[in-house]
Amino acid sequence: MNFKRIQWIFLFAFLIFDLVVAGNLFLQNRFTISSSAPNRQGVILKEMRSDAITSVELSNHAQSGYYIAGTRSGENGELGQQASKLRDQNYHFSSDELASDLETGVKVDLKHPEKRLNRLVADNRSIALGSHYRYAPQLSDRHTVVYTQQLAGRALNSPDGQIRFRVNNNNEVLGYTQTYLEDTRILRPEATTISQQHAVTWLYKHNLIPNNSQVRWAKLAYIKLLTTSSHNQAVYVPTWIIEVRTKNDDTVQQLRVNAFNSTIMRSTPGSVNTSSLGK
């Protein structure tokens, strides 16, 4: 009886010991991962500088976001209903896109077109659902001023939710096209994203940022991840969009990294020769 009791005592003691060791290892691994990752990124940033890659200041703080679903609106949706309030313009729908010609042109300053267009967008008799959009300088150029729809406080970087103002050679806006994402809903609870610094160094590690180049900016926005079986319904995910300019030939490309799982979205970026407004 005493022998069995001693066996149980030793068994219980070993069980407690295993739990304590496992707990310590878990905490040690967590500390190692959290403390070494920034150090590793610091090493990569030094390697980038040695390859003549310059960059804007990059934050190493994680952010947060959601998986969001939505449907393109159209003439029979919310965009069409609100468009019935528009005045002093002629508009029509082509598929799910509203196209409008203004009766009177709107003069803009090329360096700061938002100073005039913000007032236009805020007027629901001029732009339907305009309060849902914000000026996007990174997507704008000399002939097109872009406003993006906002989802959960971030830009929807997608043709599914944009206003694109046409600017002529006299710096006048004569018309625009508009798309809108309706019935948006959050699919999962808020989750942590990778940092801005992580996204840029990840691209460099995969040889997508060439030597002698410049990382001009890196923005977190919602990008279409997939289209569901339901027509026009899609899922959007927080994505780091990084613009890189090659110094030798002034080629500009926009690269994209899924901010939840670091997947590089290779299908959408392209290389173009562009210059944004005010640059």
# chains A, B, ... in the order shown; residues from 1 in each chain; ligands from 1
>>> select_by_dssp(residues="segment 53-91 of chain A", states="alpha helix (DSSP H)", output="MDAnalysis selection string")
chainID A and resid 78:83
>>> residues_around(residues="Leu139 of chain A", least_positions_apart="2", cutoff="12 Å", atoms="only C-alpha atoms", output="number ranges by chain")
A: 134-137, 141-148, 155-159, 162-165, 217, 219, 241, 243, 254, 274-277
>>> closest_residue(among="A:Gln82, A:Pro113, A:Lys247, A:Gly105", to="Val173 of chain A", atoms="only C-alpha atoms")
A:Gly105
>>> closest_atom_pairs(of="segment 118-145 of chain A", to="segment 84-98 of chain A", cutoff="8 Å", atoms="only C-alpha atoms", output="JSON lines")
{"residue": "A:Asn124", "atom": "CA", "partner": "A:Leu86", "partner_atom": "CA", "distance": 7.0}
{"residue": "A:Arg125", "atom": "CA", "partner": "A:Leu86", "partner_atom": "CA", "distance": 4.4}
{"residue": "A:Ser126", "atom": "CA", "partner": "A:Leu86", "partner_atom": "CA", "distance": 5.5}
{"residue": "A:Ile127", "atom": "CA", "partner": "A:Leu86", "partner_atom": "CA", "distance": 6.8}
{"residue": "A:Ala128", "atom": "CA", "partner": "A:Leu86", "partner_atom": "CA", "distance": 7.0}
>>> closest_residue(among="A:Leu203, A:Thr192, A:Tyr176, A:Thr71", to="Val121 of chain A", atoms="only C-alpha atoms")
A:Tyr176
>>> residues_around(residues="Gly65 of chain A", least_positions_apart="5", cutoff="12 Å", atoms="only C-alpha atoms", output="ChimeraX atom specification")
/A:151-155,186-194,220-223,236-240,258-260
>>> closest_residue(among="A:Ser55, A:Thr179, A:Ser131, A:Thr104", to="Ile242 of chain A", atoms="only C-alpha atoms")
A:Ser55
>>> closest_residue(among="A:Leu181, A:Ala83, A:Leu174, A:Val252", to="Gln214 of chain A", atoms="only C-alpha atoms")
A:Val252
>>> decode(residues="segment 224-266 of chain A", atoms="N, CA and C atoms", output="PDB file, in the first residue's frame")
ATOM      1  N   LYS A 224      -9.619  42.745 -53.284  1.00  0.00           N
ATOM      2  CA  LYS A 224     -10.448  41.560 -53.526  1.00  0.00           C
ATOM      3  C   LYS A 224      -9.602  40.298 -53.422  1.00  0.00           C
ATOM      4  N   LEU A 225     -10.057  39.378 -52.580  1.00  0.00           N
ATOM      5  CA  LEU A 225      -9.363  38.102 -52.409  1.00  0.00           C
ATOM      6  C   LEU A 225      -9.938  37.045 -53.328  1.00  0.00           C
ATOM      7  N   LEU A 226     -11.262  36.972 -53.394  1.00  0.00           N
ATOM      8  CA  LEU A 226     -11.922  35.972 -54.229  1.00  0.00           C
ATOM      9  C   LEU A 226     -13.366  36.383 -54.481  1.00  0.00           C
ATOM     10  N   THR A 227     -13.945  35.790 -55.523  1.00  0.00           N
ATOM     11  CA  THR A 227     -15.358  35.977 -55.841  1.00  0.00           C
ATOM     12  C   THR A 227     -16.100  34.706 -55.478  1.00  0.00           C
ATOM     13  N   THR A 228     -17.210  34.853 -54.772  1.00  0.00           N
ATOM     14  CA  THR A 228     -17.970  33.686 -54.337  1.00  0.00           C
ATOM     15  C   THR A 228     -18.838  33.165 -55.470  1.00  0.00           C
ATOM     16  N   SER A 229     -19.525  32.062 -55.203  1.00  0.00           N
ATOM     17  CA  SER A 229     -20.389  31.469 -56.217  1.00  0.00           C
ATOM     18  C   SER A 229     -21.561  32.375 -56.558  1.00  0.00           C
ATOM     19  N   SER A 230     -21.937  33.246 -55.617  1.00  0.00           N
ATOM     20  CA  SER A 230     -23.010  34.206 -55.878  1.00  0.00           C
ATOM     21  C   SER A 230     -22.491  35.299 -56.797  1.00  0.00           C
ATOM     22  N   HIS A 231     -23.206  35.609 -57.852  1.00  0.00           N
ATOM     23  CA  HIS A 231     -22.779  36.577 -58.860  1.00  0.00           C
ATOM     24  C   HIS A 231     -22.541  37.945 -58.228  1.00  0.00           C
ATOM     25  N   ASN A 232     -21.398  38.548 -58.524  1.00  0.00           N
ATOM     26  CA  ASN A 232     -21.014  39.888 -58.078  1.00  0.00           C
ATOM     27  C   ASN A 232     -20.605  39.962 -56.611  1.00  0.00           C
ATOM     28  N   GLN A 233     -20.755  38.907 -55.831  1.00  0.00           N
ATOM     29  CA  GLN A 233     -20.359  38.963 -54.429  1.00  0.00           C
ATOM     30  C   GLN A 233     -18.908  38.532 -54.297  1.00  0.00           C
ATOM     31  N   ALA A 234     -18.155  39.283 -53.487  1.00  0.00           N
ATOM     32  CA  ALA A 234     -16.725  38.999 -53.352  1.00  0.00           C
ATOM     33  C   ALA A 234     -16.295  39.183 -51.903  1.00  0.00           C
ATOM     34  N   VAL A 235     -15.092  38.672 -51.612  1.00  0.00           N
ATOM     35  CA  VAL A 235     -14.490  38.788 -50.285  1.00  0.00           C
ATOM     36  C   VAL A 235     -13.226  39.634 -50.414  1.00  0.00           C
ATOM     37  N   TYR A 236     -13.055  40.548 -49.466  1.00  0.00           N
ATOM     38  CA  TYR A 236     -11.936  41.490 -49.491  1.00  0.00           C
ATOM     39  C   TYR A 236     -11.098  41.317 -48.231  1.00  0.00           C
ATOM     40  N   VAL A 237      -9.780  41.502 -48.376  1.00  0.00           N
ATOM     41  CA  VAL A 237      -8.846  41.231 -47.282  1.00  0.00           C
ATOM     42  C   VAL A 237      -7.854  42.392 -47.167  1.00  0.00           C
ATOM     43  N   PRO A 238      -7.416  42.743 -45.946  1.00  0.00           N
ATOM     44  CA  PRO A 238      -6.396  43.791 -45.807  1.00  0.00           C
ATOM     45  C   PRO A 238      -5.106  43.386 -46.516  1.00  0.00           C
ATOM     46  N   THR A 239      -4.573  44.301 -47.292  1.00  0.00           N
ATOM     47  CA  THR A 239      -3.405  44.011 -48.117  1.00  0.00           C
ATOM     48  C   THR A 239      -2.455  45.197 -48.091  1.00  0.00           C
ATOM     49  N   TRP A 240      -1.159  44.907 -47.920  1.00  0.00           N
ATOM     50  CA  TRP A 240      -0.157  45.960 -48.046  1.00  0.00           C
ATOM     51  C   TRP A 240       0.137  46.185 -49.522  1.00  0.00           C
ATOM     52  N   ILE A 241      -0.034  47.424 -49.961  1.00  0.00           N
ATOM     53  CA  ILE A 241       0.291  47.818 -51.337  1.00  0.00           C
ATOM     54  C   ILE A 241       1.556  48.657 -51.273  1.00  0.00           C
ATOM     55  N   ILE A 242       2.595  48.195 -51.955  1.00  0.00           N
ATOM     56  CA  ILE A 242       3.912  48.846 -51.887  1.00  0.00           C
ATOM     57  C   ILE A 242       4.307  49.311 -53.279  1.00  0.00           C
ATOM     58  N   GLU A 243       4.577  50.597 -53.422  1.00  0.00           N
ATOM     59  CA  GLU A 243       5.008  51.121 -54.720  1.00  0.00           C
ATOM     60  C   GLU A 243       6.524  51.237 -54.750  1.00  0.00           C
ATOM     61  N   VAL A 244       7.125  50.660 -55.788  1.00  0.00           N
ATOM     62  CA  VAL A 244       8.581  50.623 -55.935  1.00  0.00           C
ATOM     63  C   VAL A 244       8.957  51.262 -57.272  1.00  0.00           C
ATOM     64  N   ARG A 245       9.907  52.183 -57.223  1.00  0.00           N
ATOM     65  CA  ARG A 245      10.417  52.821 -58.449  1.00  0.00           C
ATOM     66  C   ARG A 245      11.856  52.404 -58.689  1.00  0.00           C
ATOM     67  N   THR A 246      12.121  51.903 -59.891  1.00  0.00           N
ATOM     68  CA  THR A 246      13.488  51.560 -60.273  1.00  0.00           C
ATOM     69  C   THR A 246      14.194  52.831 -60.737  1.00  0.00           C
ATOM     70  N   LYS A 247      15.313  53.154 -60.102  1.00  0.00           N
ATOM     71  CA  LYS A 247      15.960  54.451 -60.338  1.00  0.00           C
ATOM     72  C   LYS A 247      16.563  54.562 -61.731  1.00  0.00           C
ATOM     73  N   ASN A 248      16.978  53.442 -62.306  1.00  0.00           N
ATOM     74  CA  ASN A 248      17.663  53.499 -63.607  1.00  0.00           C
ATOM     75  C   ASN A 248      16.740  53.946 -64.734  1.00  0.00           C
ATOM     76  N   ASP A 249      15.546  53.351 -64.801  1.00  0.00           N
ATOM     77  CA  ASP A 249      14.656  53.645 -65.924  1.00  0.00           C
ATOM     78  C   ASP A 249      13.331  54.280 -65.490  1.00  0.00           C
ATOM     79  N   ASP A 250      13.192  54.601 -64.197  1.00  0.00           N
ATOM     80  CA  ASP A 250      12.000  55.263 -63.655  1.00  0.00           C
ATOM     81  C   ASP A 250      10.736  54.421 -63.814  1.00  0.00           C
ATOM     82  N   THR A 251      10.897  53.106 -63.905  1.00  0.00           N
ATOM     83  CA  THR A 251       9.748  52.218 -63.952  1.00  0.00           C
ATOM     84  C   THR A 251       9.130  52.094 -62.563  1.00  0.00           C
ATOM     85  N   VAL A 252       7.801  52.154 -62.500  1.00  0.00           N
ATOM     86  CA  VAL A 252       7.086  52.083 -61.231  1.00  0.00           C
ATOM     87  C   VAL A 252       6.205  50.839 -61.229  1.00  0.00           C
ATOM     88  N   GLN A 253       6.253  50.089 -60.130  1.00  0.00           N
ATOM     89  CA  GLN A 253       5.380  48.940 -59.985  1.00  0.00           C
ATOM     90  C   GLN A 253       4.750  48.952 -58.593  1.00  0.00           C
ATOM     91  N   GLN A 254       3.538  48.424 -58.512  1.00  0.00           N
ATOM     92  CA  GLN A 254       2.858  48.290 -57.237  1.00  0.00           C
ATOM     93  C   GLN A 254       2.750  46.814 -56.889  1.00  0.00           C
ATOM     94  N   LEU A 255       3.332  46.445 -55.764  1.00  0.00           N
ATOM     95  CA  LEU A 255       3.352  45.063 -55.300  1.00  0.00           C
ATOM     96  C   LEU A 255       2.396  44.918 -54.129  1.00  0.00           C
ATOM     97  N   ARG A 256       1.833  43.708 -53.959  1.00  0.00           N
ATOM     98  CA  ARG A 256       0.800  43.516 -52.951  1.00  0.00           C
ATOM     99  C   ARG A 256       1.081  42.276 -52.107  1.00  0.00           C
ATOM    100  N   VAL A 257       0.901  42.447 -50.785  1.00  0.00           N
ATOM    101  CA  VAL A 257       1.127  41.356 -49.842  1.00  0.00           C
ATOM    102  C   VAL A 257      -0.097  41.228 -48.947  1.00  0.00           C
ATOM    103  N   ASN A 258      -0.688  40.047 -48.923  1.00  0.00           N
ATOM    104  CA  ASN A 258      -1.805  39.770 -48.022  1.00  0.00           C
ATOM    105  C   ASN A 258      -1.348  40.040 -46.591  1.00  0.00           C
ATOM    106  N   ALA A 259      -2.045  40.947 -45.907  1.00  0.00           N
ATOM    107  CA  ALA A 259      -1.589  41.382 -44.590  1.00  0.00           C
ATOM    108  C   ALA A 259      -1.909  40.390 -43.481  1.00  0.00           C
ATOM    109  N   PHE A 260      -2.686  39.358 -43.771  1.00  0.00           N
ATOM    110  CA  PHE A 260      -2.981  38.337 -42.779  1.00  0.00           C
ATOM    111  C   PHE A 260      -1.979  37.185 -42.814  1.00  0.00           C
ATOM    112  N   ASN A 261      -1.614  36.738 -44.019  1.00  0.00           N
ATOM    113  CA  ASN A 261      -0.775  35.538 -44.108  1.00  0.00           C
ATOM    114  C   ASN A 261       0.507  35.734 -44.927  1.00  0.00           C
ATOM    115  N   SER A 262       0.811  36.969 -45.334  1.00  0.00           N
ATOM    116  CA  SER A 262       2.033  37.309 -46.068  1.00  0.00           C
ATOM    117  C   SER A 262       2.082  36.731 -47.481  1.00  0.00           C
ATOM    118  N   THR A 263       0.969  36.225 -47.984  1.00  0.00           N
ATOM    119  CA  THR A 263       0.948  35.729 -49.361  1.00  0.00           C
ATOM    120  C   THR A 263       1.166  36.886 -50.331  1.00  0.00           C
ATOM    121  N   ILE A 264       2.085  36.696 -51.279  1.00  0.00           N
ATOM    122  CA  ILE A 264       2.339  37.719 -52.295  1.00  0.00           C
ATOM    123  C   ILE A 264       1.310  37.562 -53.411  1.00  0.00           C
ATOM    124  N   MET A 265       0.573  38.630 -53.672  1.00  0.00           N
ATOM    125  CA  MET A 265      -0.447  38.604 -54.712  1.00  0.00           C
ATOM    126  C   MET A 265       0.204  38.987 -56.029  1.00  0.00           C
ATOM    127  N   ARG A 266       0.546  37.980 -56.795  1.00  0.00           N
ATOM    128  CA  ARG A 266       1.345  38.198 -58.003  1.00  0.00           C
ATOM    129  C   ARG A 266       0.520  38.554 -59.229  1.00  0.00           C
TER     130      ARG A 266
END
